[in-house]
Amino acid sequence: MNSLKIIRTAPSESSTWQIAHAYDLTRDSYGNYADGCSSDLFAFSGQYAYADRQVWECLSEKLTQLRQSGATTLRILDAGCGPGTWIRRLVVRATELGFTKIMARGFDLSAAQIQQAREKSCLLSTKPGITLQFDVDDLTTSLRESEASVDLTLCLYSVLSHIPTELLPHITDELARVTAGSLIATVRAVGSMPSGIVAALEEVRYLRLCHERDWLEVELSGGRRVEFDFHLFSSAELARCFRDSFEIESLKGLDFFHNRFVGDYRWNPASLDFSDAFLQKIGELEEIFAANPEYIDHANHLLLVGHPQQFNFISEGLSVMSGHGGHDAH
């Protein structure tokens, strides 16, 4: 049988609007689904929190390493920041570690998510030495940041899945151009469990992903319906996207089991044991499978950590060597 080859093009104004509209429409429910309902930034206690705990462990380690290197100034970029939760986590922890000057920018296609980020960060932004900025912006355009100016660059969860695959080389080049320190990126894996993406699965009435078109349709409770570009990644594909611009420090799967074995009593009997010992055993299994090439693509998420390859960038006659440099001169 002959198969029709789908050629994806740059995102049209219409497809960009559809993505923004989806996250605008689910403003609060997306925040509760993605970040949990707790006011404690570091609770990580929600049903979908296992991957978040692993991402935070990685980010916290990078922050500590920066501080131990003697850095007192920190610059953060969160590409596709949603309600700004990860920036708030990083800024709070950076302050605790002794960073005295912290500058962070987050951007997102969704105006409603950016409004949330600004509202939730208003008190934090008044503290001495902290500068926060949240913008409605598009990752497919050139980044505003200057070369090698960012210590921690984030691009988490569904952000890259919304972007046509042929644009990914440009985007990874841009992320590498602005990053002096580390990049932490996550994507949905090709073998992942079904997800509502913009809201928790229990709010979803209907879900269909067309892999040929990289197109997702979701109908939510109350009859709300959204559709938008969405691509699932294999680990090999994700590595190919980044390896020309970044040295990949690690690439592993997140959450093979936790979403399958959470204590959801609409499906599981109330008598089933979800004790700490059981969850600890699940965590041990997660570690075994995380980097195994036979299983990694069956995780819910893929986590990539990298730093830019050394390069000479010529800009306005100035040669800049990328690397970990001048925190206090950014």
# chains A, B, ... in the order shown; residues from 1 in each chain; ligands from 1
$ residues_around --residues "Cys81 (chain A)" --least-positions-apart "5" --cutoff "6 Å" --atoms "only C-alpha atoms" --output "list of chain:residue names"
A:Gly106, A:Phe107, A:Asp108
$ write_last_selection --atoms "C-alpha atoms" --output "PDB file, in the first residue's frame"
ATOM      1  CA  GLY A 106       9.510  33.390  30.585  1.00  0.00           C
ATOM      2  CA  PHE A 107       7.417  33.484  27.452  1.00  0.00           C
ATOM      3  CA  ASP A 108       4.448  31.623  26.052  1.00  0.00           C
TER       4      ASP A 108
END
$ select_by_dssp --residues "region 235-311 of chain A" --states "strand (DSSP E or B)" --output "list in words"
Phe246, Glu247, Ile248, Glu249, Ser250, Leu251, Lys252, Gly253, Leu254, His301, Leu302, Leu303, Leu304, Val305, Gly306, His307 and Pro308 of chain A
$ write_last_selection --atoms "N, CA and C atoms" --output "short mmCIF file (atom, residue, chain, number, x, y, z; two decimals), in the first residue's frame"
data_model
loop_
_atom_site.label_atom_id
_atom_site.label_comp_id
_atom_site.auth_asym_id
_atom_site.auth_seq_id
_atom_site.Cartn_x
_atom_site.Cartn_y
_atom_site.Cartn_z
N PHE A 246 24.13 21.02 20.75
CA PHE A 246 24.41 20.79 22.16
C PHE A 246 25.21 19.51 22.37
N GLU A 247 26.05 19.54 23.40
CA GLU A 247 26.62 18.31 23.94
C GLU A 247 25.57 17.74 24.88
N ILE A 248 25.09 16.55 24.59
CA ILE A 248 24.03 15.95 25.39
C ILE A 248 24.65 15.25 26.60
N GLU A 249 24.34 15.75 27.78
CA GLU A 249 24.87 15.18 29.01
C GLU A 249 24.10 13.92 29.41
N SER A 250 22.79 13.97 29.24
CA SER A 250 21.97 12.80 29.57
C SER A 250 20.66 12.86 28.80
N LEU A 251 20.13 11.69 28.53
CA LEU A 251 18.83 11.56 27.88
C LEU A 251 18.17 10.32 28.46
N LYS A 252 17.04 10.52 29.14
CA LYS A 252 16.41 9.37 29.79
C LYS A 252 14.89 9.51 29.76
N GLY A 253 14.23 8.40 30.03
CA GLY A 253 12.78 8.38 30.10
C GLY A 253 12.30 8.72 31.49
N LEU A 254 11.15 9.38 31.56
CA LEU A 254 10.52 9.72 32.84
C LEU A 254 9.13 9.11 32.89
N HIS A 301 7.50 10.74 29.37
CA HIS A 301 8.27 11.90 28.95
C HIS A 301 9.72 11.50 28.71
N LEU A 302 10.41 12.29 27.91
CA LEU A 302 11.86 12.18 27.74
C LEU A 302 12.50 13.44 28.31
N LEU A 303 13.57 13.26 29.05
CA LEU A 303 14.30 14.38 29.66
C LEU A 303 15.69 14.45 29.04
N LEU A 304 16.00 15.59 28.43
CA LEU A 304 17.32 15.82 27.84
C LEU A 304 18.01 16.96 28.59
N VAL A 305 19.25 16.72 28.95
CA VAL A 305 20.07 17.75 29.60
C VAL A 305 21.32 17.94 28.75
N GLY A 306 21.65 19.18 28.44
CA GLY A 306 22.81 19.44 27.61
C GLY A 306 23.41 20.81 27.85
N HIS A 307 24.54 21.02 27.24
CA HIS A 307 25.17 22.35 27.24
C HIS A 307 25.66 22.62 25.82
N PRO A 308 25.74 23.89 25.44
CA PRO A 308 26.11 24.21 24.05
C PRO A 308 27.49 23.71 23.70
#
$ atom_distance --atom1 "CA of Arg27 (chain A)" --atom2 "CA of Ser14 (chain A)"
19.8 Å
$ closest_residue --among "A:Pro128, A:Cys241, A:Asp40, A:Ala22" --to "Leu167 (chain A)" --atoms "only C-alpha atoms"
A:Cys241
$ closest_atom_pairs --of "region 82-170 of chain A" --to "region 210-215 of chain A" --cutoff "10 Å" --atoms "only C-alpha atoms" --output "CSV"
residue,atom,partner,partner_atom,distance
A:Ser161,CA,A:Asp214,CA,8.7
A:His162,CA,A:Asp214,CA,8.7
A:Ile163,CA,A:Asp214,CA,9.7
A:Pro164,CA,A:Asp214,CA,8.6
A:Thr165,CA,A:Asp214,CA,9.6
$ select_by_dssp --residues "region 136-261 of chain A" --states "helix (DSSP H, G or I)" --output "ChimeraX atom specification"
/A:160-162,165-178,201-203,221-223,235-243,258-261
$ residues_around --residues "region 284-290 of chain A" --least-positions-apart "4" --cutoff "8 Å" --atoms "only C-alpha atoms" --output "NGL selection string"
:A and (252-257 or 280 or 295-296 or 299)
$ closest_residue --among "A:Leu238, A:Leu220, A:Ala199, A:Ala79" --to "Asp138 (chain A)" --atoms "only C-alpha atoms"
A:Ala79
$ residues_around --residues "region 93-97 of chain A" --least-positions-apart "5" --cutoff "8 Å" --atoms "only C-alpha atoms" --output "ChimeraX atom specification"
/A:60,63-64,67,102
$ write_last_selection --atoms "C-alpha atoms" --output "short mmCIF file (atom, residue, chain, number, x, y, z; two decimals), in the first residue's frame"
data_model
loop_
_atom_site.label_atom_id
_atom_site.label_comp_id
_atom_site.auth_asym_id
_atom_site.auth_seq_id
_atom_site.Cartn_x
_atom_site.Cartn_y
_atom_site.Cartn_z
CA SER A 60 18.23 21.92 41.68
CA LEU A 63 21.59 25.57 40.51
CA THR A 64 23.77 24.18 43.29
CA ARG A 67 26.45 28.58 43.17
CA ILE A 102 18.50 36.95 39.59
#
$ closest_residue --among "A:Val218, A:Leu175, A:Ala112, A:Leu156" --to "Ala34 (chain A)" --atoms "only C-alpha atoms"
A:Leu156
